[in-house]
file my_file.csv (CSV, C-alpha atoms and all ligand atoms)
chain,number,residue,atom,x,y,z
A,1411,MET,CA,-11.1,11.2,-6.9
A,1412,ALA,CA,-7.4,10.5,-7.6
A,1413,PRO,CA,-5.9,7.9,-5.2
A,1414,PRO,CA,-3.7,9.2,-2.4
A,1415,GLU,CA,0.0,9.5,-3.4
A,1416,VAL,CA,2.4,8.3,-0.7
A,1417,LEU,CA,6.0,9.4,-0.4
A,1418,ILE,CA,8.4,7.4,1.8
A,1419,PHE,CA,11.2,9.8,2.9
A,1420,GLY,CA,14.2,7.8,3.9
A,1421,ALA,CA,13.4,4.3,2.5
A,1422,GLY,CA,15.6,2.1,4.7
A,1423,ALA,CA,14.3,-0.8,6.8
A,1424,VAL,CA,11.1,0.7,8.3
A,1425,GLY,CA,10.2,2.9,5.3
A,1426,ALA,CA,10.6,0.2,2.7
A,1427,PHE,CA,8.8,-2.4,4.8
A,1428,TYR,CA,5.7,-0.2,5.4
A,1429,GLY,CA,5.9,1.3,1.9
A,1430,SER,CA,5.8,-2.2,0.4
A,1431,LEU,CA,2.7,-3.1,2.4
A,1432,ILE,CA,0.8,0.1,1.6
A,1433,ALA,CA,1.6,-0.6,-2.1
A,1434,LYS,CA,-0.2,-3.9,-1.8
A,1435,THR,CA,-3.5,-1.8,-1.6
A,1436,GLY,CA,-2.8,-0.5,-5.1
A,1437,THR,CA,-1.9,3.0,-3.7
A,1438,PRO,CA,1.0,4.6,-5.6
A,1439,VAL,CA,4.0,4.6,-3.2
A,1440,SER,CA,7.2,6.5,-4.2
A,1441,VAL,CA,10.5,6.6,-2.2
A,1442,VAL,CA,13.3,9.0,-1.5
A,1443,CYS,CA,16.5,7.0,-1.1
A,1444,ARG,CA,20.1,7.9,-0.3
A,1445,SER,CA,22.9,5.3,-0.2
A,1446,ASN,CA,20.6,2.6,-1.6
A,1447,TYR,CA,19.4,4.7,-4.5
A,1448,SER,CA,21.2,2.8,-7.4
A,1449,ALA,CA,20.3,-0.6,-6.1
A,1450,VAL,CA,16.6,0.3,-5.6
A,1451,LYS,CA,16.3,2.2,-8.9
A,1452,ALA,CA,17.7,-0.9,-10.7
A,1453,SER,CA,15.9,-3.7,-8.9
A,1454,GLY,CA,13.4,-2.3,-6.3
A,1455,PHE,CA,13.3,-3.9,-2.8
A,1456,ALA,CA,13.4,-7.6,-2.0
A,1457,VAL,CA,11.5,-8.1,1.2
A,1458,THR,CA,11.6,-11.3,3.4
A,1459,SER,CA,9.2,-11.7,6.3
A,1460,PRO,CA,8.0,-14.6,8.5
A,1461,GLN,CA,4.5,-13.0,8.3
A,1462,TYR,CA,4.3,-11.7,4.7
A,1463,GLY,CA,6.6,-14.1,2.9
A,1464,SER,CA,9.3,-13.2,0.3
A,1465,TYR,CA,8.4,-10.7,-2.4
A,1466,THR,CA,9.8,-7.9,-4.5
A,1467,TRP,CA,8.4,-4.4,-4.5
A,1468,THR,CA,9.0,-1.8,-7.3
A,1469,PRO,CA,8.1,1.6,-6.0
A,1470,THR,CA,6.1,3.9,-8.3
A,1471,ARG,CA,8.9,6.4,-8.4
A,1472,VAL,CA,12.4,6.2,-7.0
A,1473,PHE,CA,14.1,9.6,-6.2
A,1474,SER,CA,17.7,10.1,-5.3
A,1475,SER,CA,17.1,13.2,-3.2
A,1476,ALA,CA,14.4,15.6,-2.0
A,1477,ASP,CA,15.2,17.9,-4.9
A,1478,ALA,CA,14.5,15.1,-7.4
A,1479,ALA,CA,11.1,14.5,-5.6
A,1480,ARG,CA,10.3,18.2,-5.8
A,1481,SER,CA,11.0,18.2,-9.5
A,1482,ALA,CA,8.3,15.5,-10.0
A,1483,GLY,CA,5.6,18.0,-9.0
A,1484,VAL,CA,3.3,15.4,-7.4
A,1485,HIS,CA,0.7,16.4,-4.8
A,1486,TRP,CA,1.6,14.1,-1.8
A,1487,SER,CA,-1.3,13.0,0.4
A,1488,TYR,CA,1.2,11.4,2.9
A,1489,ILE,CA,4.9,12.0,3.4
A,1490,VAL,CA,6.1,9.2,5.6
A,1491,VAL,CA,9.3,10.2,7.3
A,1492,THR,CA,11.4,7.1,8.2
A,1493,THR,CA,14.9,8.6,8.5
A,1494,LYS,CA,16.7,8.0,11.7
A,1495,ALA,CA,15.8,11.0,14.0
A,1496,LEU,CA,19.1,12.8,14.5
A,1497,PRO,CA,18.3,16.5,15.3
A,1498,ASP,CA,22.0,17.0,16.4
A,1499,VAL,CA,23.1,16.0,12.9
A,1500,SER,CA,20.4,17.5,10.6
A,1501,ASP,CA,17.0,19.1,10.6
A,1502,ASP,CA,15.3,16.8,8.1
A,1503,SER,CA,12.1,18.9,8.2
A,1504,ALA,CA,13.9,21.4,6.0
A,1505,LEU,CA,14.2,18.8,3.3
A,1506,LEU,CA,10.4,18.6,3.0
A,1507,ASP,CA,10.1,22.3,2.0
A,1508,GLY,CA,8.3,22.4,-1.3
A,1509,LEU,CA,7.0,18.8,-0.9
A,1510,VAL,CA,4.3,19.6,1.7
A,1511,SER,CA,1.3,21.3,0.2
A,1512,ASP,CA,-2.4,21.8,1.1
A,1513,GLY,CA,-3.9,18.5,2.5
A,1514,THR,CA,-0.5,16.8,2.9
A,1515,ALA,CA,-0.1,14.8,6.1
A,1516,VAL,CA,3.5,14.3,7.4
A,1517,VAL,CA,3.7,11.0,9.2
A,1518,LEU,CA,6.7,10.5,11.5
A,1519,VAL,CA,7.5,6.8,12.0
A,1520,GLN,CA,10.5,7.3,14.2
A,1521,ASN,CA,11.6,6.4,17.7
A,1522,GLY,CA,12.0,9.0,20.4
A,1523,LEU,CA,10.4,12.1,21.9
A,1524,GLY,CA,10.1,15.5,20.4
A,1525,VAL,CA,10.5,14.3,16.8
A,1526,GLU,CA,7.3,16.1,15.7
A,1527,GLU,CA,8.3,19.6,16.9
A,1528,PRO,CA,10.5,20.7,13.9
A,1529,TYR,CA,7.7,19.7,11.5
A,1530,THR,CA,4.9,21.5,13.3
A,1531,ARG,CA,7.1,24.6,13.5
A,1532,ARG,CA,8.0,24.5,9.8
A,1533,PHE,CA,4.5,23.4,8.5
A,1534,PRO,CA,2.0,24.9,10.9
A,1535,HIS,CA,-0.9,24.3,8.5
A,1536,ALA,CA,-0.1,20.7,7.6
A,1537,SER,CA,-1.4,17.6,9.5
A,1538,VAL,CA,1.5,16.2,11.5
A,1539,LEU,CA,0.9,12.6,12.5
A,1540,SER,CA,3.0,10.8,15.1
A,1541,ALA,CA,3.5,7.0,14.7
A,1542,VAL,CA,5.2,4.4,16.9
A,1543,THR,CA,6.0,1.0,15.6
A,1544,ILE,CA,7.4,-2.3,16.9
A,1545,VAL,CA,8.7,-4.0,13.8
A,1546,SER,CA,12.3,-5.5,14.0
A,1547,ALA,CA,13.3,-4.8,10.4
A,1548,SER,CA,16.7,-4.3,8.9
A,1549,GLN,CA,18.4,-3.6,5.6
A,1550,PRO,CA,21.5,-5.9,5.6
A,1551,SER,CA,22.4,-4.8,2.0
A,1552,HIS,CA,21.1,-2.1,-0.3
A,1553,GLY,CA,17.5,-2.9,-1.3
A,1554,LYS,CA,17.2,-6.1,0.8
A,1555,ILE,CA,14.8,-5.7,3.7
A,1556,THR,CA,14.5,-8.4,6.4
A,1557,HIS,CA,11.5,-8.3,8.6
A,1558,ASN,CA,12.0,-10.6,11.6
A,1559,ARG,CA,8.9,-10.9,13.7
A,1560,TRP,CA,5.4,-9.4,14.0
A,1561,THR,CA,4.6,-5.8,13.7
A,1562,ARG,CA,2.5,-3.1,15.3
A,1563,VAL,CA,1.9,0.6,14.4
A,1564,ASN,CA,0.0,3.1,16.4
A,1565,THR,CA,-0.7,6.5,14.7
A,1566,GLY,CA,-2.2,9.7,16.2
A,1567,PRO,CA,-2.5,13.4,15.4
A,1568,TYR,CA,0.2,15.6,16.9
A,1569,LEU,CA,-1.9,18.3,18.5
A,1570,PRO,CA,-0.3,19.3,21.8
A,1571,ASP,CA,-2.1,22.7,22.0
A,1572,ILE,CA,-5.8,22.2,21.1
A,1573,GLY,CA,-7.3,20.1,23.9
A,1574,ALA,CA,-9.2,16.8,23.6
A,1575,ALA,CA,-12.6,18.4,22.8
A,1576,ALA,CA,-11.4,20.1,19.6
A,1577,GLU,CA,-9.2,17.1,18.5
A,1578,SER,CA,-11.9,14.9,17.1
A,1579,SER,CA,-13.0,17.4,14.4
A,1580,HIS,CA,-9.4,18.4,13.5
A,1581,PRO,CA,-8.3,17.2,10.0
A,1582,ALA,CA,-5.2,15.5,11.4
A,1583,THR,CA,-7.5,13.1,13.4
A,1584,ALA,CA,-9.2,12.1,10.1
A,1585,LYS,CA,-5.8,11.7,8.4
A,1586,ALA,CA,-4.5,9.4,11.2
A,1587,LYS,CA,-7.6,7.2,10.8
A,1588,GLU,CA,-7.2,7.1,7.0
A,1589,PHE,CA,-3.5,6.3,7.2
A,1590,THR,CA,-4.3,3.5,9.7
A,1591,ASP,CA,-6.9,2.1,7.3
A,1592,LEU,CA,-4.3,2.1,4.5
A,1593,LEU,CA,-2.0,0.0,6.7
A,1594,VAL,CA,-4.7,-2.4,7.7
A,1595,SER,CA,-5.8,-2.8,4.0
A,1596,GLY,CA,-2.1,-3.5,3.2
A,1597,GLY,CA,-2.1,-6.4,5.7
A,1598,VAL,CA,-0.9,-4.8,9.0
A,1599,LYS,CA,-3.4,-6.4,11.4
A,1600,ASP,CA,-2.1,-4.6,14.5
A,1601,ALA,CA,-2.5,-1.0,13.4
A,1602,SER,CA,-4.6,1.5,15.5
A,1603,ALA,CA,-5.4,5.2,15.3
A,1604,TYR,CA,-5.0,6.8,18.7
A,1605,THR,CA,-5.6,10.3,20.2
A,1606,HIS,CA,-2.7,12.7,20.7
A,1607,GLN,CA,-2.6,11.9,24.4
A,1608,LYS,CA,-2.6,8.1,24.0
A,1609,LEU,CA,0.0,8.3,21.2
A,1610,GLN,CA,2.3,10.3,23.4
A,1611,GLN,CA,1.8,7.8,26.2
A,1612,VAL,CA,2.9,5.1,23.8
A,1613,ARG,CA,5.9,7.1,22.8
A,1614,TRP,CA,6.9,7.5,26.5
A,1615,HIS,CA,6.3,3.8,27.1
A,1616,LYS,CA,8.6,2.9,24.2
A,1617,ILE,CA,11.2,5.3,25.6
A,1618,ALA,CA,11.3,3.2,28.8
A,1619,ILE,CA,12.3,0.2,26.6
A,1620,ASN,CA,14.6,2.0,24.1
A,1621,ALA,CA,16.4,4.3,26.7
A,1622,SER,CA,17.1,1.4,29.0
A,1623,MET,CA,18.1,-1.4,26.5
A,1624,ASN,CA,19.8,0.6,23.7
A,1625,PRO,CA,22.4,2.5,25.7
A,1626,SER,CA,23.0,-0.4,28.0
A,1627,SER,CA,23.8,-2.7,25.1
A,1628,VAL,CA,26.4,-0.2,23.7
A,1629,LEU,CA,27.9,0.5,27.1
A,1630,SER,CA,28.2,-3.3,27.9
A,1631,ASN,CA,30.0,-3.8,24.5
A,1632,GLY,CA,27.2,-5.3,22.5
A,1633,SER,CA,25.0,-7.4,24.9
A,1634,SER,CA,21.9,-8.9,23.4
A,1635,ASN,CA,18.6,-7.9,25.0
A,1636,ALA,CA,18.0,-11.3,26.5
A,1637,ALA,CA,21.6,-11.4,27.9
A,1638,MET,CA,21.0,-8.1,29.7
A,1639,ALA,CA,17.6,-9.2,31.0
A,1640,LEU,CA,19.1,-12.5,32.3
A,1641,ASP,CA,22.1,-10.9,34.1
A,1642,PRO,CA,21.0,-10.1,37.7
A,1643,ASP,CA,23.0,-6.8,37.9
A,1644,LEU,CA,22.1,-5.5,34.4
A,1645,SER,CA,18.5,-6.5,34.7
A,1646,ALA,CA,18.2,-4.6,38.0
A,1647,HIS,CA,19.7,-1.6,36.1
A,1648,LEU,CA,17.2,-2.0,33.2
A,1649,LYS,CA,14.3,-2.3,35.5
A,1650,ALA,CA,15.3,0.8,37.4
A,1651,VAL,CA,15.7,2.9,34.3
A,1652,MET,CA,12.3,1.7,33.0
A,1653,GLU,CA,10.7,2.5,36.3
A,1654,GLU,CA,12.2,6.0,36.3
A,1655,VAL,CA,10.6,6.7,32.9
A,1656,LEU,CA,7.3,4.9,33.7
A,1657,THR,CA,6.8,6.9,36.9
A,1658,THR,CA,7.9,10.3,35.5
A,1659,ALA,CA,5.9,10.2,32.2
A,1660,PRO,CA,2.4,10.1,33.8
A,1661,LYS,CA,3.3,13.2,35.9
A,1662,ILE,CA,4.4,15.0,32.7
A,1663,LEU,CA,1.4,13.9,30.6
A,1664,GLY,CA,-1.1,14.5,33.4
A,1665,ALA,CA,-2.7,11.0,33.3
A,1666,PRO,CA,-1.7,7.5,34.4
A,1667,PHE,CA,-0.7,5.0,31.8
A,1668,PRO,CA,-3.5,2.8,30.5
A,1669,LEU,CA,-3.7,-0.5,32.4
A,1670,GLU,CA,-2.9,-2.6,29.3
A,1671,PHE,CA,0.6,-1.0,29.1
A,1672,ALA,CA,3.3,-3.5,30.2
A,1673,THR,CA,5.1,-2.9,33.5
A,1674,ALA,CA,8.9,-2.9,33.7
A,1675,GLU,CA,8.8,-6.4,35.4
A,1676,HIS,CA,6.7,-7.7,32.5
A,1677,ILE,CA,9.0,-6.3,29.8
A,1678,ILE,CA,12.1,-7.8,31.5
A,1679,ARG,CA,10.4,-11.2,31.8
A,1680,SER,CA,9.3,-11.3,28.2
A,1681,THR,CA,12.8,-10.1,27.1
A,1682,ARG,CA,14.4,-13.1,29.0
A,1683,LYS,CA,12.2,-15.5,27.0
A,1684,ASN,CA,13.2,-14.0,23.6
A,1685,ASP,CA,16.7,-15.5,23.3
A,1686,SER,CA,17.0,-14.8,19.5
A,1687,GLY,CA,20.2,-12.9,20.2
A,1688,SER,CA,18.7,-9.7,18.9
A,1689,ARG,CA,20.5,-6.5,19.8
A,1690,PRO,CA,19.2,-2.9,19.8
A,1691,SER,CA,19.9,-1.1,16.5
A,1692,MET,CA,21.8,1.5,18.5
A,1693,TRP,CA,24.5,-1.1,18.9
A,1694,GLY,CA,24.7,-1.5,15.1
A,1695,ASP,CA,25.0,2.3,14.7
A,1696,TRP,CA,27.7,2.4,17.4
A,1697,GLU,CA,29.7,-0.4,15.8
A,1698,SER,CA,29.5,1.0,12.3
A,1699,GLY,CA,30.5,4.5,13.4
A,1700,ARG,CA,27.1,6.0,12.6
A,1701,PRO,CA,25.5,8.6,14.8
A,1702,MET,CA,23.1,7.2,17.4
A,1703,GLU,CA,19.6,8.5,18.1
A,1704,LEU,CA,20.8,9.8,21.5
A,1705,GLU,CA,19.0,13.2,21.5
A,1706,VAL,CA,15.5,11.8,20.8
A,1707,ILE,CA,15.8,8.7,23.0
A,1708,LEU,CA,17.7,10.2,26.0
A,1709,GLY,CA,18.3,14.0,25.6
A,1710,ASN,CA,14.8,15.1,24.8
A,1711,PRO,CA,13.0,13.0,27.5
A,1712,ILE,CA,15.4,14.4,30.1
A,1713,ARG,CA,14.9,18.0,28.9
A,1714,ILE,CA,11.1,17.6,28.7
A,1715,ALA,CA,11.0,16.2,32.2
A,1716,ARG,CA,13.3,18.9,33.5
A,1717,GLU,CA,11.1,21.7,32.1
A,1718,LYS,CA,8.3,20.3,34.2
A,1719,GLY,CA,10.5,20.1,37.3
A,1720,TYR,CA,11.4,16.3,37.3
A,1721,GLU,CA,14.9,14.8,37.1
A,1722,MET,CA,15.6,11.3,35.8
A,1723,PRO,CA,19.2,10.7,37.1
A,1724,ARG,CA,19.7,7.2,35.7
A,1725,MET,CA,18.7,8.5,32.2
A,1726,GLN,CA,21.0,11.5,32.7
A,1727,THR,CA,23.9,9.2,33.5
A,1728,LEU,CA,23.3,7.0,30.4
A,1729,TYR,CA,23.0,10.2,28.2
A,1730,ALA,CA,26.2,11.8,29.5
A,1731,LEU,CA,28.3,8.6,29.2
A,1732,LEU,CA,27.1,7.7,25.7
A,1733,LYS,CA,27.3,11.3,24.4
A,1734,MET,CA,30.9,11.5,25.4
A,1735,ALA,CA,31.6,8.0,24.1
A,1736,GLN,CA,30.3,9.1,20.7
A,1737,THR,CA,32.3,12.3,20.8
A,1738,ASN,CA,35.5,10.2,21.6
A,1739,ARG,CA,34.7,7.7,18.9
A,1740,ASP,CA,34.3,10.4,16.3
A,1741,LYS,CA,37.1,12.8,17.3
A,1742,PRO,CA,40.1,13.2,14.9
A,1743,LYS,CA,43.0,11.0,15.7
A,1744,GLY,CA,45.6,12.8,17.9
A,1745,SER,CA,43.0,15.1,19.4
A,1746,LYS,CA,44.0,15.9,23.0
A,1747,LEU,CA,40.5,16.6,24.5
B,1,LIG,N1,14.4,-1.0,12.3
B,1,LIG,C1,13.5,-1.2,13.2
B,1,LIG,O1,13.2,-2.4,13.5
B,1,LIG,C2,12.8,-0.1,13.9
B,1,LIG,C3,11.8,-0.4,14.8
B,1,LIG,C4,11.1,0.6,15.5
B,1,LIG,C5,11.5,1.9,15.2
B,1,LIG,N2,12.5,2.2,14.4
B,1,LIG,C6,12.8,3.6,14.1
B,1,LIG,O2,12.4,3.9,12.8
B,1,LIG,C7,13.3,5.0,12.3
B,1,LIG,C8,13.9,4.4,11.0
B,1,LIG,O3,14.7,3.3,11.3
B,1,LIG,P1,15.3,2.3,10.3
B,1,LIG,O4,15.8,1.1,11.0
B,1,LIG,O5,14.4,2.1,9.1
B,1,LIG,O6,16.6,3.1,9.8
B,1,LIG,P2,17.5,2.9,8.4
B,1,LIG,O7,17.3,1.5,8.0
B,1,LIG,O8,18.8,3.5,8.7
B,1,LIG,O9,16.7,3.8,7.4
B,1,LIG,C9,16.7,5.2,7.3
B,1,LIG,C10,16.9,5.5,5.8
B,1,LIG,O10,16.8,6.9,5.7
B,1,LIG,C11,17.7,7.3,4.7
B,1,LIG,N3,18.0,8.7,4.8
B,1,LIG,C12,18.5,9.4,5.9
B,1,LIG,N4,18.6,10.7,5.6
B,1,LIG,C13,18.2,10.8,4.3
B,1,LIG,C14,18.0,11.9,3.4
B,1,LIG,N5,18.4,13.2,3.8
B,1,LIG,N6,17.6,11.7,2.2
B,1,LIG,C15,17.2,10.5,1.8
B,1,LIG,N7,17.3,9.4,2.6
B,1,LIG,C16,17.8,9.6,3.8
B,1,LIG,C17,18.9,6.4,5.0
B,1,LIG,O11,19.9,6.5,4.0
B,1,LIG,P3,21.4,6.1,4.3
B,1,LIG,O12,21.5,4.6,4.1
B,1,LIG,O13,22.2,6.9,3.2
B,1,LIG,O14,21.8,6.6,5.7
B,1,LIG,C18,18.3,5.1,5.3
B,1,LIG,O15,18.1,4.4,4.0
B,1,LIG,C19,14.3,5.3,13.4
B,1,LIG,O16,13.8,6.4,14.2
B,1,LIG,C20,14.3,4.0,14.2
B,1,LIG,O17,14.6,4.2,15.6
B,1,LIG,C21,13.2,1.2,13.7
call {"tool": "encode", "arguments": {"input": "my_file.csv", "output": "C-alpha cells", "more": "lines below"}}
Ligand SMILES: NC(=O)c1ccc[n+]([C@@H]2O[C@H](COP(=O)([O-])OP(=O)(O)OC[C@H]3O[C@@H](n4cnc5c(N)ncnc54)[C@H](OP(=O)(O)O)[C@@H]3O)[C@@H](O)[C@H]2O)c1
result
Amino acid sequence: MAPPEVLIFGAGAVGAFYGSLIAKTGTPVSVVCRSNYSAVKASGFAVTSPQYGSYTWTPTRVFSSADAARSAGVHWSYIVVTTKALPDVSDDSALLDGLVSDGTAVVLVQNGLGVEEPYTRRFPHASVLSAVTIVSASQPSHGKITHNRWTRVNTGPYLPDIGAAAESSHPATAKAKEFTDLLVSGGVKDASAYTHQKLQQVRWHKIAINASMNPSSVLSNGSSNAAMALDPDLSAHLKAVMEEVLTTAPKILGAPFPLEFATAEHIIRSTRKNDSGSRPSMWGDWESGRPMELEVILGNPIRIAREKGYEMPRMQTLYALLKMAQTNRDKPKGSKL
C-alpha cells in the first residue's frame, strides 16, 4: 500500500512544526505556503526546539497556493489545516475544493470553536478531524520555526450528529487514531485520540484560557500572561472569565468536565509560576496590524451559548470592546465613524 500523503495547509509555526515531526516517520509531507513560500522553497524550514533540538526540514513538495497543490494531482490522506481561523476574513474551506477526495481526512489544528462547521458543510463525505494543541511555536522570520516548550495534541472525529454508539465504527474515528499514531511515531509523546465529545470539551476548556488571556493582554496594552496572573485586579478578572466559560460549557455539552481538567484557580496559579514573559499570540497579531481570531475565540462561543439559552456577559464585553478596537485600528485615516 502507498504511504499516506500529508498536506499541511498554511505552513506557519504550528503547521511546519508538526509537519516536520510527521516527516521524521518517513511519511511524505508537503506544504502550502503563502508569504514564506520563496524562503521555504529555497531552504526548507529550520526548526529549533528544547525538546527536539535544531534541525532542517525539506518538505516533499512546496506549493505557493492551493491551485499549485491541485495541479500536482496527489491523493492526500490528510490535509492538515493550520491557517489562523478567521471566518470573518475568508472561508478557507473553499480553498480545499479539488484537494479533498475519497478517503481524505481534513484535520483542523486551530484554536477556537466552530472551526469545523465550514468543512463539514462543504465536504459532507470527508472525515473531518478536530485537533487541539498546546505548543508555543512561532515563525520569527520566513522558514525559521521556534518551538519554546513542551507540546500536546488531542485529536478527535468531528461527529456532532451521530451519537456516541455509532461513533466508534465511523471512518473518522479510525482516521483520528491513525493520525495520532503518526504524531506519536514522529516523537510527539503527548498525543491522544479522543471521542467527539471529549475533544469538544478540550476545545471549550482551551477557550477558557484563550478567551480570558488573549483579549486581556491586548486590552491592557501587551501584558504578559504571568503579569496578568500576578496582578490582583487582572487575575480576578481572568478567573471570572474562565469560570464563566467553565460553568457554561458543561450545560451546553450535556456533561461535566472530566475531573483531570484544570480549574480556573489552578490555571492562574501555574501561569503565575511561568514568568518567561510570554504573551498570547493575539497580542502579536494586534501589534502587527493583523486580524485577530476574535470570532472563533469569543464570537462563536458566545453565539453557541446563546442558542442554548445561556449568556456569558464577561465574554460579551471582551468581544464587543476588541471587535471595535480592531475596527478602529483598521479604518481608513480620516474616517469619522
Ligand atoms: N503558535 C502557537 O503556539 C499555537 C498554539 C496553539 C494553537 N495555535 C493555533 O494554531 C493555528 C495556527 O497558528 P500559527 O501560530 O501556526 O499561525 P501562523 O504562524 O500565522 O501560521 C499560519 C500560516 O498559514 C498561512 N496561510 C494563511 N492563509 C493561507 C492561504 N490562503 N494559503 C496558504 N497559506 C496560508 C500563513 O501565511 P501568511 O504568513 O502569508 O499569513 C501562515 O504561514 C491558529 O488557529 C492558532 O490559534 C497556535
call {"tool": "residues_around", "arguments": {"input": "my_file.csv", "residues": "Thr1658 in chain A", "least_positions_apart": "4", "cutoff": "9 Å", "atoms": "only C-alpha atoms", "output": "PyMOL selection string"}}
result
chain A and resi 1653-1654+1662-1663+1715+1720-1722
call {"tool": "residues_near_ligand", "arguments": {"input": "my_file.csv", "ligand": "ligand LIG 1 (chain B)", "cutoff": "8 Å", "atoms": "all atoms listed in the file", "output": "ChimeraX atom specification"}}
result
/A:1419-1426,1442-1446,1474-1476,1492-1495,1502,1505,1519-1522,1542-1549,1557,1691,1703
call {"tool": "residues_around", "arguments": {"input": "my_file.csv", "residues": "Pro1567 in chain A", "least_positions_apart": "3", "cutoff": "7 Å", "atoms": "only C-alpha atoms", "output": "count of residues only"}}
result
8
call {"tool": "residues_around", "arguments": {"input": "my_file.csv", "residues": "Pro1660 in chain A", "least_positions_apart": "3", "cutoff": "12 Å", "atoms": "only C-alpha atoms", "output": "list in words"}}
result
Gln1607, Lys1608, Gln1610, Gln1611, Val1612, Arg1613, Trp1614, His1615, Glu1653, Glu1654, Val1655, Leu1656, Thr1657, Leu1663, Gly1664, Ala1665, Pro1666, Phe1667, Pro1668, Ala1715, Lys1718 and Tyr1720 of chain A
call {"tool": "residues_around", "arguments": {"input": "my_file.csv", "residues": "Tyr1529 in chain A", "least_positions_apart": "4", "cutoff": "12 Å", "atoms": "all atoms listed in the file", "output": "PyMOL selection string"}}
result
chain A and resi 1489+1491+1497+1501-1507+1510+1515-1518+1524-1525+1533-1540+1568-1569
call {"tool": "closest_residue", "arguments": {"input": "my_file.csv", "among": "A:Gly1553, A:Pro1625, A:Pro1642, A:Gly1596", "to": "Met1725 in chain A", "atoms": "only C-alpha atoms"}}
result
A:Pro1625
call {"tool": "atom_distance", "arguments": {"input": "my_file.csv", "atom1": "CA of Leu1431 in chain A", "atom2": "CA of Trp1560 in chain A"}}
result
13.5 Å
call {"tool": "atom_distance", "arguments": {"input": "my_file.csv", "atom1": "CA of Glu1717 in chain A", "atom2": "CA of Ala1730 in chain A"}}
result
18.2 Å
call {"tool": "atom_distance", "arguments": {"input": "my_file.csv", "atom1": "CA of Thr1530 in chain A", "atom2": "CA of Ala1412 in chain A"}}
result
26.6 Å
call {"tool": "closest_residue", "arguments": {"input": "my_file.csv", "among": "A:Phe1589, A:Tyr1462, A:Trp1693, A:Tyr1729", "to": "Ala1621 in chain A", "atoms": "all atoms listed in the file"}}
result
A:Tyr1729
call {"tool": "decode", "arguments": {"input": "my_file.csv", "residues": "range 1541-1553 of chain A", "atoms": "N, CA, C and O atoms", "output": "compact mmCIF listing (two decimals), in the first residue's frame"}}
result
# COMPACT_ATOMS: atom_id res chain seq x y z
N ALA A 1541 -8.62 19.04 16.12
CA ALA A 1541 -7.43 18.84 16.96
C ALA A 1541 -7.13 20.09 17.77
O ALA A 1541 -7.25 21.21 17.27
N VAL A 1542 -6.77 19.88 19.01
CA VAL A 1542 -6.41 20.99 19.91
C VAL A 1542 -4.97 20.77 20.33
O VAL A 1542 -4.60 19.65 20.72
N THR A 1543 -4.17 21.83 20.25
CA THR A 1543 -2.77 21.67 20.64
C THR A 1543 -2.33 22.75 21.63
O THR A 1543 -2.84 23.87 21.60
N ILE A 1544 -1.41 22.35 22.49
CA ILE A 1544 -0.65 23.32 23.29
C ILE A 1544 0.76 23.16 22.77
O ILE A 1544 1.30 22.05 22.77
N VAL A 1545 1.36 24.25 22.27
CA VAL A 1545 2.65 24.06 21.62
C VAL A 1545 3.63 25.21 21.83
O VAL A 1545 4.82 24.99 22.00
N SER A 1546 3.18 26.45 21.85
CA SER A 1546 4.08 27.60 21.95
C SER A 1546 5.17 27.57 20.87
O SER A 1546 6.35 27.34 21.13
N ALA A 1547 4.73 27.79 19.63
CA ALA A 1547 5.65 27.84 18.49
C ALA A 1547 5.47 29.18 17.79
O ALA A 1547 4.40 29.78 17.86
N SER A 1548 6.53 29.63 17.13
CA SER A 1548 6.40 30.88 16.37
C SER A 1548 7.31 30.81 15.14
O SER A 1548 8.18 29.93 15.04
N GLN A 1549 7.07 31.72 14.19
CA GLN A 1549 7.90 31.82 12.99
C GLN A 1549 8.47 33.24 12.97
O GLN A 1549 7.89 34.13 12.33
N PRO A 1550 9.59 33.48 13.68
CA PRO A 1550 10.12 34.85 13.78
C PRO A 1550 10.55 35.43 12.43
O PRO A 1550 10.51 36.64 12.23
N SER A 1551 11.01 34.58 11.51
CA SER A 1551 11.25 35.04 10.14
C SER A 1551 10.90 33.87 9.21
O SER A 1551 10.80 32.72 9.66
N HIS A 1552 10.71 34.18 7.93
CA HIS A 1552 10.21 33.16 7.00
C HIS A 1552 11.06 31.90 7.02
O HIS A 1552 12.27 31.95 6.79
N GLY A 1553 10.43 30.77 7.31
CA GLY A 1553 11.13 29.48 7.28
C GLY A 1553 11.85 29.13 8.58
O GLY A 1553 12.37 28.03 8.70
